$ cat work_24.cif   # mmCIF, C-alpha atoms and all ligand atoms
data_protein
loop_
_atom_site.label_atom_id
_atom_site.label_comp_id
_atom_site.auth_asym_id
_atom_site.auth_seq_id
_atom_site.Cartn_x
_atom_site.Cartn_y
_atom_site.Cartn_z
CA MET A 693 18.55 32.09 -11.66
CA SER A 694 15.65 29.69 -12.25
CA ASN A 695 14.81 26.94 -9.79
CA ARG A 696 16.34 23.51 -10.16
CA ARG A 697 13.77 21.13 -11.69
CA ILE A 698 13.69 17.75 -10.01
CA GLY A 699 11.65 14.74 -11.11
CA VAL A 700 10.59 12.26 -8.47
CA MET A 701 9.87 8.69 -9.59
CA GLY A 702 8.35 6.78 -6.67
CA GLY A 703 7.78 3.07 -6.81
CA THR A 704 8.01 -0.27 -5.10
CA PHE A 705 10.56 -1.31 -7.75
CA ASP A 706 10.25 -5.04 -6.96
CA PRO A 707 12.18 -5.09 -9.27
CA VAL A 708 12.82 -1.88 -11.22
CA HIS A 709 12.32 -2.50 -14.96
CA HIS A 710 12.66 -0.76 -18.31
CA GLY A 711 9.09 0.62 -18.09
CA HIS A 712 10.17 2.74 -15.10
CA LEU A 713 13.43 3.79 -16.73
CA VAL A 714 11.90 4.78 -20.07
CA ALA A 715 9.16 6.79 -18.33
CA ALA A 716 11.70 8.68 -16.22
CA SER A 717 14.00 9.30 -19.18
CA GLU A 718 11.20 10.59 -21.40
CA VAL A 719 9.82 12.95 -18.73
CA GLN A 720 13.35 14.17 -17.91
CA ALA A 721 13.86 15.18 -21.52
CA ARG A 722 10.37 16.60 -22.21
CA PHE A 723 10.24 18.67 -19.00
CA GLU A 724 13.93 19.64 -19.08
CA LEU A 725 14.49 18.23 -15.61
CA ASP A 726 17.93 18.66 -14.07
CA GLU A 727 17.62 15.26 -12.42
CA VAL A 728 15.21 12.46 -11.62
CA ILE A 729 15.32 10.97 -8.15
CA PHE A 730 14.03 7.40 -7.89
CA VAL A 731 12.45 6.79 -4.49
CA PRO A 732 11.87 3.13 -3.58
CA THR A 733 8.99 2.78 -1.11
CA GLY A 734 9.39 1.70 2.49
CA GLN A 735 6.18 -0.27 3.09
CA PRO A 736 3.81 0.20 0.12
CA TRP A 737 0.61 0.10 2.19
CA GLN A 738 -1.69 -0.41 -0.80
CA LYS A 739 0.26 -3.60 -1.64
CA SER A 740 -0.16 -5.05 1.87
CA ASP A 741 -2.08 -8.00 0.38
CA ARG A 742 1.15 -9.46 -0.96
CA GLU A 743 4.77 -10.12 0.01
CA VAL A 744 7.13 -7.32 -1.01
CA SER A 745 10.89 -7.97 -1.20
CA ALA A 746 13.24 -6.50 1.38
CA ALA A 747 13.73 -2.76 1.00
CA GLU A 748 17.52 -3.17 0.72
CA ASP A 749 17.17 -5.51 -2.29
CA ARG A 750 14.77 -3.12 -4.01
CA TYR A 751 17.04 -0.17 -3.22
CA LEU A 752 20.19 -1.92 -4.52
CA MET A 753 18.50 -2.98 -7.76
CA THR A 754 17.35 0.62 -8.29
CA VAL A 755 20.90 1.89 -7.73
CA ILE A 756 22.27 -0.68 -10.20
CA ALA A 757 19.62 0.20 -12.81
CA THR A 758 20.16 3.96 -12.63
CA ALA A 759 23.94 4.11 -12.09
CA SER A 760 24.84 4.72 -15.73
CA ASN A 761 22.59 7.79 -16.15
CA PRO A 762 24.19 10.98 -14.78
CA ARG A 763 20.74 12.58 -14.36
CA PHE A 764 19.33 9.68 -12.31
CA SER A 765 19.85 9.14 -8.59
CA VAL A 766 18.17 7.14 -5.83
CA SER A 767 16.89 8.40 -2.49
CA ARG A 768 16.47 6.37 0.70
CA VAL A 769 13.96 8.79 2.31
CA ASP A 770 11.00 6.43 2.20
CA ILE A 771 13.05 3.40 3.27
CA ASP A 772 14.79 5.18 6.13
CA ARG A 773 11.61 6.85 7.47
CA GLY A 774 10.16 3.39 8.15
CA GLY A 775 6.49 2.48 8.28
CA PRO A 776 3.96 2.86 5.48
CA THR A 777 5.03 5.13 2.65
CA TYR A 778 2.92 8.18 1.88
CA THR A 779 3.84 10.47 -1.00
CA PHE A 780 2.85 13.41 1.18
CA ASP A 781 5.86 12.56 3.40
CA THR A 782 8.16 11.79 0.44
CA LEU A 783 7.56 15.20 -1.11
CA ASN A 784 7.87 17.07 2.19
CA ASP A 785 11.20 15.34 2.91
CA LEU A 786 12.54 16.10 -0.57
CA LYS A 787 11.36 19.72 -0.30
CA ALA A 788 13.29 20.03 2.97
CA THR A 789 16.53 18.78 1.37
CA HIS A 790 15.99 20.67 -1.92
CA PRO A 791 14.29 23.92 -0.80
CA GLU A 792 15.07 25.77 -4.03
CA ALA A 793 13.73 23.09 -6.36
CA ASP A 794 10.47 22.65 -8.24
CA LEU A 795 9.36 19.03 -7.85
CA PHE A 796 7.65 16.96 -10.56
CA PHE A 797 6.14 13.67 -9.37
CA ILE A 798 6.01 11.04 -12.12
CA THR A 799 3.33 8.32 -12.03
CA GLY A 800 2.06 5.74 -14.47
CA ALA A 801 -1.57 5.74 -15.60
CA ASP A 802 -2.47 3.00 -13.09
CA ALA A 803 -1.11 4.93 -10.12
CA LEU A 804 -2.75 8.15 -11.34
CA GLU A 805 -6.12 6.37 -11.29
CA GLN A 806 -5.65 5.61 -7.58
CA ILE A 807 -4.33 8.96 -6.37
CA LEU A 808 -7.52 10.07 -4.62
CA SER A 809 -7.12 7.05 -2.29
CA TRP A 810 -3.68 8.24 -1.16
CA ARG A 811 -3.10 9.73 2.29
CA ARG A 812 -3.72 13.51 2.26
CA ALA A 813 -4.49 13.35 -1.44
CA ASP A 814 -5.80 16.92 -1.43
CA ASP A 815 -2.49 18.23 -0.16
CA VAL A 816 0.00 16.37 -2.37
CA PHE A 817 -0.80 18.53 -5.39
CA GLY A 818 0.50 21.61 -3.55
CA LEU A 819 3.90 19.99 -3.09
CA ALA A 820 4.71 18.98 -6.67
CA HIS A 821 3.40 19.15 -10.19
CA PHE A 822 2.20 15.67 -11.16
CA ILE A 823 3.09 14.06 -14.47
CA GLY A 824 0.98 11.09 -15.53
CA VAL A 825 2.52 8.83 -18.16
CA THR A 826 0.93 6.30 -20.48
CA ARG A 827 1.17 2.61 -19.62
CA PRO A 828 -0.08 -0.23 -21.84
CA GLY A 829 -3.39 -1.60 -20.53
CA TYR A 830 -4.45 1.56 -18.65
CA ASP A 831 -6.31 4.71 -19.68
CA LEU A 832 -4.47 7.92 -18.93
CA ASP A 833 -7.07 10.24 -17.46
CA ASP A 834 -6.90 13.23 -15.11
CA THR A 835 -10.52 14.37 -15.11
CA HIS A 836 -10.84 13.30 -11.41
CA LEU A 837 -7.91 15.51 -10.40
CA PRO A 838 -7.61 19.26 -9.69
CA PRO A 839 -7.41 21.33 -12.90
CA GLY A 840 -3.83 22.28 -13.75
CA ALA A 841 -2.27 19.95 -11.17
CA VAL A 842 -1.31 17.24 -13.63
CA SER A 843 0.32 17.01 -17.06
CA LEU A 844 -0.25 13.94 -19.20
CA VAL A 845 2.60 12.59 -21.31
CA GLU A 846 2.78 9.80 -23.83
CA VAL A 847 5.92 7.71 -23.33
CA PRO A 848 7.20 4.82 -25.47
CA ALA A 849 4.99 1.82 -24.65
CA MET A 850 6.69 -0.77 -22.50
CA ALA A 851 4.34 -3.63 -21.65
CA ILE A 852 6.40 -4.66 -18.62
CA SER A 853 5.41 -5.00 -14.97
CA SER A 854 7.36 -6.04 -11.89
CA THR A 855 4.68 -8.68 -11.34
CA ALA A 856 5.51 -10.25 -14.72
CA VAL A 857 9.26 -10.14 -14.01
CA ARG A 858 8.72 -11.93 -10.68
CA ALA A 859 6.40 -14.50 -12.26
CA ARG A 860 8.78 -15.17 -15.15
CA THR A 861 11.69 -15.67 -12.76
CA ALA A 862 9.65 -18.05 -10.62
CA SER A 863 8.79 -20.08 -13.75
CA GLY A 864 12.38 -20.15 -14.97
CA LEU A 865 11.67 -17.85 -17.94
CA PRO A 866 14.25 -15.21 -18.92
CA VAL A 867 13.94 -11.58 -17.88
CA TRP A 868 16.84 -10.37 -20.01
CA TYR A 869 15.90 -7.12 -21.81
CA LEU A 870 12.91 -6.51 -19.52
CA VAL A 871 15.21 -5.25 -16.76
CA PRO A 872 18.78 -3.89 -17.02
CA ASP A 873 21.52 -6.54 -17.24
CA GLY A 874 22.83 -5.73 -13.75
CA VAL A 875 19.36 -6.33 -12.32
CA VAL A 876 19.13 -9.72 -14.10
CA GLN A 877 22.45 -10.60 -12.49
CA TYR A 878 21.37 -9.33 -9.06
CA ILE A 879 18.18 -11.42 -9.21
CA SER A 880 20.15 -14.49 -10.23
CA LYS A 881 22.89 -13.99 -7.62
CA THR A 882 20.44 -13.47 -4.71
CA GLY A 883 17.81 -15.98 -5.82
CA LEU A 884 15.12 -13.30 -5.53
CA TYR A 885 11.73 -14.43 -6.91
CA SER A 886 12.85 -18.04 -7.38
CA VAL A 887 10.57 -20.66 -5.93
CA PRO A 888 12.46 -22.61 -3.22
CA ASP A 889 13.08 -26.33 -4.07
N1 LIG A 901 5.53 -0.25 -17.96
C1 LIG A 901 5.30 0.94 -17.37
N2 LIG A 901 5.06 2.06 -18.11
C2 LIG A 901 4.82 3.24 -17.49
N3 LIG A 901 4.79 3.44 -16.15
C3 LIG A 901 5.03 2.37 -15.37
C4 LIG A 901 5.29 1.08 -15.94
N4 LIG A 901 5.49 0.20 -14.92
C5 LIG A 901 5.33 0.90 -13.78
N5 LIG A 901 5.05 2.20 -14.04
C6 LIG A 901 4.83 3.26 -13.03
O1 LIG A 901 5.97 3.30 -12.19
C7 LIG A 901 5.59 3.56 -10.84
C8 LIG A 901 6.12 2.46 -9.92
O2 LIG A 901 5.55 1.25 -10.31
P1 LIG A 901 5.75 -0.13 -9.53
O3 LIG A 901 7.09 -0.13 -8.87
O4 LIG A 901 4.56 -0.40 -8.68
O5 LIG A 901 5.85 -1.15 -10.77
P2 LIG A 901 4.78 -2.18 -11.30
O6 LIG A 901 5.36 -2.79 -12.53
O7 LIG A 901 3.43 -1.55 -11.43
O8 LIG A 901 4.78 -3.23 -10.10
P3 LIG A 901 3.83 -4.46 -9.74
O9 LIG A 901 3.60 -5.27 -11.00
O10 LIG A 901 4.62 -5.20 -8.70
O11 LIG A 901 2.54 -3.87 -9.19
C9 LIG A 901 4.06 3.69 -10.85
O12 LIG A 901 3.74 5.05 -10.97
C10 LIG A 901 3.66 2.92 -12.10
O13 LIG A 901 2.44 3.39 -12.62
O1 LIG A 902 0.59 8.45 -0.46
C1 LIG A 902 -0.02 7.37 -0.51
O2 LIG A 902 -0.92 7.08 0.30
C2 LIG A 902 0.36 6.38 -1.60
C3 LIG A 902 -0.37 5.22 -1.82
C4 LIG A 902 0.03 4.34 -2.83
C5 LIG A 902 1.14 4.64 -3.61
N1 LIG A 902 1.81 5.80 -3.37
C6 LIG A 902 3.05 6.10 -4.14
O3 LIG A 902 2.86 5.88 -5.52
C7 LIG A 902 4.10 5.45 -6.09
C8 LIG A 902 3.86 4.15 -6.85
O4 LIG A 902 3.45 3.19 -5.90
P1 LIG A 902 3.32 1.64 -6.22
O5 LIG A 902 2.64 1.07 -5.00
O6 LIG A 902 2.47 1.56 -7.48
O7 LIG A 902 4.68 1.10 -6.42
C9 LIG A 902 5.08 5.29 -4.92
O8 LIG A 902 5.87 6.44 -4.84
C10 LIG A 902 4.17 5.18 -3.73
O9 LIG A 902 4.74 5.63 -2.52
C11 LIG A 902 1.45 6.66 -2.41
#
$ encode --input "work_24.cif" --output "structure tokens"
Amino acid sequence: MSNRRIGVMGGTFDPVHHGHLVAASEVQARFELDEVIFVPTGQPWQKSDREVSAAEDRYLMTVIATASNPRFSVSRVDIDRGGPTYTFDTLNDLKATHPEADLFFITGADALEQILSWRRADDVFGLAHFIGVTRPGYDLDDTHLPPGAVSLVEVPAMAISSTAVRARTASGLPVWYLVPDGVVQYISKTGLYSVPD
């Protein structure tokens, strides 16, 4: 029997949006993945220059956003480990719980650009095959990465960022259709991203 094929979509997801979901869905189909596990970060250490929402809010929004897709699930490994999140740890933890699986780590073009600055960057490529996906505004390039370690995939262009969703909410602009309906409702119910009066 062939190994189970598991996609891993790591992100801060503050909040999760349709850019993340479309990328995961496209890679799932193209690479015939059995499932895609979304892994919200604990502390995203390369975003330490800004406030990041509570891990539980980011986790719950990711659960809400992925609940309707039977091939999507959400893992708490990075949140429960505590401390700064390193993909080296994420992949080792997922390998321990899924020893028979082949892992495929999905990243947008912007994250792919930064990979050599990650902790133990040389070692992460031995733990998963990396899949870089297109993102409007960024060049998708893997010439800085080990040959054969990365596949590049064009996904439907979604010019959406979590930064824009937070900024729109703070300015009172709608975020309907940028994030799933349940996430719009979660943001509104909790007051996340609103500027206090
Ligand atoms: N619109 C998009 N299209 C393709 N990939 C995306 C898109 N948005 C995010 N990604 C990828 O999803 C992963 C998680 O992204 P992240 O949670 O940091 O979202 P973000 O929109 O970049 O957030 P922020 O604006 O807060 O920096 C990264 O690999 C990122 O490159
Ligand atoms: O391993 C690292 O040092 C590292 C540094 C920055 C980002 N990452 C991972 O890259 C993914 C996208 O991160 P971000 O910050 O763009 O949301 C997420 O899974 C992070 O844990 C990993």
$ atom_distance --input "work_24.cif" --atom1 "CA of Phe817 (chain A)" --atom2 "CA of Ala747 (chain A)"
26.6 Å
$ residues_near_ligand --input "work_24.cif" --ligand "ligand LIG 901 (chain A)" --cutoff "8 Å" --atoms "only C-alpha atoms and all ligand atoms" --output "NGL selection string"
:A and (701-712 or 714-715 or 732 or 739 or 798-804 or 825-828 or 847 or 849-856)
$ write_last_selection --input "work_24.cif" --atoms "C-alpha atoms" --output "PDB file, keeping the file's coordinate frame"
ATOM      1  CA  MET A 701       9.870   8.690  -9.590  1.00  0.00           C
ATOM      2  CA  GLY A 702       8.350   6.780  -6.670  1.00  0.00           C
ATOM      3  CA  GLY A 703       7.780   3.070  -6.810  1.00  0.00           C
ATOM      4  CA  THR A 704       8.010  -0.270  -5.100  1.00  0.00           C
ATOM      5  CA  PHE A 705      10.560  -1.310  -7.750  1.00  0.00           C
ATOM      6  CA  ASP A 706      10.250  -5.040  -6.960  1.00  0.00           C
ATOM      7  CA  PRO A 707      12.180  -5.090  -9.270  1.00  0.00           C
ATOM      8  CA  VAL A 708      12.820  -1.880 -11.220  1.00  0.00           C
ATOM      9  CA  HIS A 709      12.320  -2.500 -14.960  1.00  0.00           C
ATOM     10  CA  HIS A 710      12.660  -0.760 -18.310  1.00  0.00           C
ATOM     11  CA  GLY A 711       9.090   0.620 -18.090  1.00  0.00           C
ATOM     12  CA  HIS A 712      10.170   2.740 -15.100  1.00  0.00           C
ATOM     13  CA  VAL A 714      11.900   4.780 -20.070  1.00  0.00           C
ATOM     14  CA  ALA A 715       9.160   6.790 -18.330  1.00  0.00           C
ATOM     15  CA  PRO A 732      11.870   3.130  -3.580  1.00  0.00           C
ATOM     16  CA  LYS A 739       0.260  -3.600  -1.640  1.00  0.00           C
ATOM     17  CA  ILE A 798       6.010  11.040 -12.120  1.00  0.00           C
ATOM     18  CA  THR A 799       3.330   8.320 -12.030  1.00  0.00           C
ATOM     19  CA  GLY A 800       2.060   5.740 -14.470  1.00  0.00           C
ATOM     20  CA  ALA A 801      -1.570   5.740 -15.600  1.00  0.00           C
ATOM     21  CA  ASP A 802      -2.470   3.000 -13.090  1.00  0.00           C
ATOM     22  CA  ALA A 803      -1.110   4.930 -10.120  1.00  0.00           C
ATOM     23  CA  LEU A 804      -2.750   8.150 -11.340  1.00  0.00           C
ATOM     24  CA  VAL A 825       2.520   8.830 -18.160  1.00  0.00           C
ATOM     25  CA  THR A 826       0.930   6.300 -20.480  1.00  0.00           C
ATOM     26  CA  ARG A 827       1.170   2.610 -19.620  1.00  0.00           C
ATOM     27  CA  PRO A 828      -0.080  -0.230 -21.840  1.00  0.00           C
ATOM     28  CA  VAL A 847       5.920   7.710 -23.330  1.00  0.00           C
ATOM     29  CA  ALA A 849       4.990   1.820 -24.650  1.00  0.00           C
ATOM     30  CA  MET A 850       6.690  -0.770 -22.500  1.00  0.00           C
ATOM     31  CA  ALA A 851       4.340  -3.630 -21.650  1.00  0.00           C
ATOM     32  CA  ILE A 852       6.400  -4.660 -18.620  1.00  0.00           C
ATOM     33  CA  SER A 853       5.410  -5.000 -14.970  1.00  0.00           C
ATOM     34  CA  SER A 854       7.360  -6.040 -11.890  1.00  0.00           C
ATOM     35  CA  THR A 855       4.680  -8.680 -11.340  1.00  0.00           C
ATOM     36  CA  ALA A 856       5.510 -10.250 -14.720  1.00  0.00           C
TER      37      ALA A 856
END
$ residues_around --input "work_24.cif" --residues "Phe822 (chain A)" --least-positions-apart "4" --cutoff "7 Å" --atoms "only C-alpha atoms" --output "list in words"
Phe796, Phe797, Ile798, Ala841, Val842 and Ser843 of chain A
$ closest_residue --input "work_24.cif" --among "A:Thr882, A:Ser745, A:Thr861, A:Ser717" --to "Arg763 (chain A)" --atoms "all atoms listed in the file"
A:Ser717
$ residues_around --input "work_24.cif" --residues "Arg697 (chain A)" --least-positions-apart "2" --cutoff "9 Å" --atoms "all atoms listed in the file" --output "list of chain:residue names"
A:Ser694, A:Asn695, A:Gly699, A:Phe723, A:Glu724, A:Leu725, A:Asp726, A:Glu727, A:Val728, A:Ala793, A:Asp794, A:Leu795, A:Phe796
$ residues_around --input "work_24.cif" --residues "Pro838 (chain A)" --least-positions-apart "6" --cutoff "12 Å" --atoms "all atoms listed in the file" --output "ChimeraX atom specification"
/A:807-808,813-818,821-822
$ atom_distance --input "work_24.cif" --atom1 "CA of Arg768 (chain A)" --atom2 "CA of Gly734 (chain A)"
8.7 Å
$ closest_residue --input "work_24.cif" --among "A:Tyr778, A:Ile823, A:Asp749, A:Val700" --to "Ser765 (chain A)" --atoms "all atoms listed in the file"
A:Val700
$ closest_residue --input "work_24.cif" --among "A:Val769, A:Arg722, A:Glu792, A:Arg742" --to "Arg696 (chain A)" --atoms "only C-alpha atoms"
A:Glu792
$ closest_residue --input "work_24.cif" --among "A:Ser767, A:Ser740, A:Ser809, A:Gln720" --to "Asp785 (chain A)" --atoms "all atoms listed in the file"
A:Ser767
$ atom_distance --input "work_24.cif" --atom1 "CA of Gly864 (chain A)" --atom2 "CA of Ser886 (chain A)"
7.9 Å
$ axis_aligned_box --input "work_24.cif" --around "ligand LIG 902 (chain A)" --padding-each-side "3 Å" --output "lines of an AutoDock Vina configuration file"
center_x = 2.5
center_y = 4.8
center_z = -3.6
size_x = 12.8
size_y = 13.4
size_z = 13.8
$ residues_around --input "work_24.cif" --residues "Trp868 (chain A)" --least-positions-apart "5" --cutoff "10 Å" --atoms "only C-alpha atoms" --output "PyMOL selection string"
chain A and resi 857+873-877
$ residues_around --input "work_24.cif" --residues "Val766 (chain A)" --least-positions-apart "2" --cutoff "8 Å" --atoms "only C-alpha atoms" --output "PyMOL selection string"
chain A and resi 729-732+751+754-755+758+764+768
$ closest_residue --input "work_24.cif" --among "A:Leu713, A:Ala721, A:Leu832, A:Val744" --to "ligand LIG 902 (chain A)" --atoms "all atoms listed in the file"
A:Val744
$ closest_residue --input "work_24.cif" --among "A:Leu783, A:Ala862, A:Met693, A:Met753" --to "ligand LIG 902 (chain A)" --atoms "all atoms listed in the file"
A:Leu783
$ decode --input "work_24.cif" --residues "region 706-741 of chain A" --atoms "N, CA and C atoms" --output "PDB file, in the first residue's frame"
ATOM      1  N   ASP A 706      -4.313  35.047  11.003  1.00  0.00           N
ATOM      2  CA  ASP A 706      -4.823  36.131  11.863  1.00  0.00           C
ATOM      3  C   ASP A 706      -5.527  37.181  11.029  1.00  0.00           C
ATOM      4  N   PRO A 707      -6.670  36.858  10.357  1.00  0.00           N
ATOM      5  CA  PRO A 707      -7.374  35.584  10.369  1.00  0.00           C
ATOM      6  C   PRO A 707      -7.058  34.775   9.116  1.00  0.00           C
ATOM      7  N   VAL A 708      -7.542  33.509   9.128  1.00  0.00           N
ATOM      8  CA  VAL A 708      -7.512  32.676   7.920  1.00  0.00           C
ATOM      9  C   VAL A 708      -8.425  33.319   6.868  1.00  0.00           C
ATOM     10  N   HIS A 709      -8.014  33.253   5.595  1.00  0.00           N
ATOM     11  CA  HIS A 709      -8.807  33.882   4.527  1.00  0.00           C
ATOM     12  C   HIS A 709      -8.860  32.965   3.294  1.00  0.00           C
ATOM     13  N   HIS A 710      -9.579  33.433   2.274  1.00  0.00           N
ATOM     14  CA  HIS A 710      -9.780  32.568   1.105  1.00  0.00           C
ATOM     15  C   HIS A 710      -8.496  32.336   0.304  1.00  0.00           C
ATOM     16  N   GLY A 711      -7.485  33.171   0.460  1.00  0.00           N
ATOM     17  CA  GLY A 711      -6.187  32.901  -0.180  1.00  0.00           C
ATOM     18  C   GLY A 711      -5.584  31.615   0.364  1.00  0.00           C
ATOM     19  N   HIS A 712      -5.636  31.442   1.686  1.00  0.00           N
ATOM     20  CA  HIS A 712      -5.122  30.201   2.298  1.00  0.00           C
ATOM     21  C   HIS A 712      -5.932  28.989   1.826  1.00  0.00           C
ATOM     22  N   LEU A 713      -7.247  29.158   1.815  1.00  0.00           N
ATOM     23  CA  LEU A 713      -8.126  28.009   1.540  1.00  0.00           C
ATOM     24  C   LEU A 713      -8.010  27.570   0.082  1.00  0.00           C
ATOM     25  N   VAL A 714      -7.937  28.530  -0.824  1.00  0.00           N
ATOM     26  CA  VAL A 714      -7.805  28.192  -2.245  1.00  0.00           C
ATOM     27  C   VAL A 714      -6.451  27.515  -2.499  1.00  0.00           C
ATOM     28  N   ALA A 715      -5.396  28.021  -1.881  1.00  0.00           N
ATOM     29  CA  ALA A 715      -4.064  27.417  -2.065  1.00  0.00           C
ATOM     30  C   ALA A 715      -4.081  25.963  -1.589  1.00  0.00           C
ATOM     31  N   ALA A 716      -4.647  25.729  -0.414  1.00  0.00           N
ATOM     32  CA  ALA A 716      -4.672  24.363   0.129  1.00  0.00           C
ATOM     33  C   ALA A 716      -5.525  23.441  -0.735  1.00  0.00           C
ATOM     34  N   SER A 717      -6.649  23.946  -1.205  1.00  0.00           N
ATOM     35  CA  SER A 717      -7.550  23.136  -2.021  1.00  0.00           C
ATOM     36  C   SER A 717      -6.903  22.766  -3.356  1.00  0.00           C
ATOM     37  N   GLU A 718      -6.230  23.738  -3.965  1.00  0.00           N
ATOM     38  CA  GLU A 718      -5.603  23.497  -5.267  1.00  0.00           C
ATOM     39  C   GLU A 718      -4.471  22.469  -5.133  1.00  0.00           C
ATOM     40  N   VAL A 719      -3.641  22.628  -4.096  1.00  0.00           N
ATOM     41  CA  VAL A 719      -2.517  21.699  -3.907  1.00  0.00           C
ATOM     42  C   VAL A 719      -3.054  20.310  -3.544  1.00  0.00           C
ATOM     43  N   GLN A 720      -4.110  20.267  -2.753  1.00  0.00           N
ATOM     44  CA  GLN A 720      -4.705  18.954  -2.401  1.00  0.00           C
ATOM     45  C   GLN A 720      -5.089  18.201  -3.678  1.00  0.00           C
ATOM     46  N   ALA A 721      -5.732  18.914  -4.588  1.00  0.00           N
ATOM     47  CA  ALA A 721      -6.197  18.247  -5.809  1.00  0.00           C
ATOM     48  C   ALA A 721      -5.023  17.896  -6.722  1.00  0.00           C
ATOM     49  N   ARG A 722      -4.121  18.841  -6.952  1.00  0.00           N
ATOM     50  CA  ARG A 722      -3.021  18.615  -7.903  1.00  0.00           C
ATOM     51  C   ARG A 722      -2.066  17.522  -7.435  1.00  0.00           C
ATOM     52  N   PHE A 723      -1.842  17.432  -6.121  1.00  0.00           N
ATOM     53  CA  PHE A 723      -0.869  16.461  -5.588  1.00  0.00           C
ATOM     54  C   PHE A 723      -1.552  15.228  -5.005  1.00  0.00           C
ATOM     55  N   GLU A 724      -2.860  15.133  -5.252  1.00  0.00           N
ATOM     56  CA  GLU A 724      -3.647  13.974  -4.783  1.00  0.00           C
ATOM     57  C   GLU A 724      -3.365  13.678  -3.311  1.00  0.00           C
ATOM     58  N   LEU A 725      -3.505  14.732  -2.494  1.00  0.00           N
ATOM     59  CA  LEU A 725      -3.258  14.569  -1.061  1.00  0.00           C
ATOM     60  C   LEU A 725      -4.493  13.960  -0.401  1.00  0.00           C
ATOM     61  N   ASP A 726      -4.254  13.071   0.558  1.00  0.00           N
ATOM     62  CA  ASP A 726      -5.384  12.485   1.289  1.00  0.00           C
ATOM     63  C   ASP A 726      -6.010  13.518   2.206  1.00  0.00           C
ATOM     64  N   GLU A 727      -5.181  14.388   2.767  1.00  0.00           N
ATOM     65  CA  GLU A 727      -5.715  15.450   3.622  1.00  0.00           C
ATOM     66  C   GLU A 727      -4.743  16.620   3.657  1.00  0.00           C
ATOM     67  N   VAL A 728      -5.256  17.751   4.099  1.00  0.00           N
ATOM     68  CA  VAL A 728      -4.403  18.913   4.369  1.00  0.00           C
ATOM     69  C   VAL A 728      -4.655  19.335   5.816  1.00  0.00           C
ATOM     70  N   ILE A 729      -3.553  19.381   6.576  1.00  0.00           N
ATOM     71  CA  ILE A 729      -3.662  19.796   7.972  1.00  0.00           C
ATOM     72  C   ILE A 729      -3.230  21.258   8.068  1.00  0.00           C
ATOM     73  N   PHE A 730      -4.127  22.102   8.527  1.00  0.00           N
ATOM     74  CA  PHE A 730      -3.787  23.511   8.784  1.00  0.00           C
ATOM     75  C   PHE A 730      -3.168  23.588  10.173  1.00  0.00           C
ATOM     76  N   VAL A 731      -2.041  24.290  10.265  1.00  0.00           N
ATOM     77  CA  VAL A 731      -1.339  24.355  11.556  1.00  0.00           C
ATOM     78  C   VAL A 731      -1.129  25.828  11.942  1.00  0.00           C
ATOM     79  N   PRO A 732      -2.040  26.375  12.761  1.00  0.00           N
ATOM     80  CA  PRO A 732      -1.825  27.758  13.208  1.00  0.00           C
ATOM     81  C   PRO A 732      -0.572  27.850  14.078  1.00  0.00           C
ATOM     82  N   THR A 733       0.195  28.902  13.897  1.00  0.00           N
ATOM     83  CA  THR A 733       1.442  29.061  14.657  1.00  0.00           C
ATOM     84  C   THR A 733       1.158  29.331  16.134  1.00  0.00           C
ATOM     85  N   GLY A 734       2.151  28.984  16.962  1.00  0.00           N
ATOM     86  CA  GLY A 734       2.139  29.429  18.351  1.00  0.00           C
ATOM     87  C   GLY A 734       2.560  30.893  18.323  1.00  0.00           C
ATOM     88  N   GLN A 735       3.841  31.160  18.595  1.00  0.00           N
ATOM     89  CA  GLN A 735       4.356  32.531  18.436  1.00  0.00           C
ATOM     90  C   GLN A 735       5.122  32.617  17.124  1.00  0.00           C
ATOM     91  N   PRO A 736       4.600  33.358  16.135  1.00  0.00           N
ATOM     92  CA  PRO A 736       5.334  33.511  14.871  1.00  0.00           C
ATOM     93  C   PRO A 736       6.495  34.481  15.082  1.00  0.00           C
ATOM     94  N   TRP A 737       7.711  33.932  15.328  1.00  0.00           N
ATOM     95  CA  TRP A 737       8.815  34.784  15.795  1.00  0.00           C
ATOM     96  C   TRP A 737       9.242  35.818  14.765  1.00  0.00           C
ATOM     97  N   GLN A 738       8.975  35.588  13.488  1.00  0.00           N
ATOM     98  CA  GLN A 738       9.369  36.598  12.496  1.00  0.00           C
ATOM     99  C   GLN A 738       8.313  37.698  12.370  1.00  0.00           C
ATOM    100  N   LYS A 739       7.220  37.584  13.173  1.00  0.00           N
ATOM    101  CA  LYS A 739       6.222  38.665  13.211  1.00  0.00           C
ATOM    102  C   LYS A 739       6.228  39.315  14.591  1.00  0.00           C
ATOM    103  N   SER A 740       7.381  39.239  15.291  1.00  0.00           N
ATOM    104  CA  SER A 740       7.437  39.740  16.668  1.00  0.00           C
ATOM    105  C   SER A 740       7.380  41.267  16.732  1.00  0.00           C
ATOM    106  N   ASP A 741       7.467  41.915  15.557  1.00  0.00           N
ATOM    107  CA  ASP A 741       7.379  43.380  15.529  1.00  0.00           C
ATOM    108  C   ASP A 741       5.936  43.861  15.617  1.00  0.00           C
TER     109      ASP A 741
END
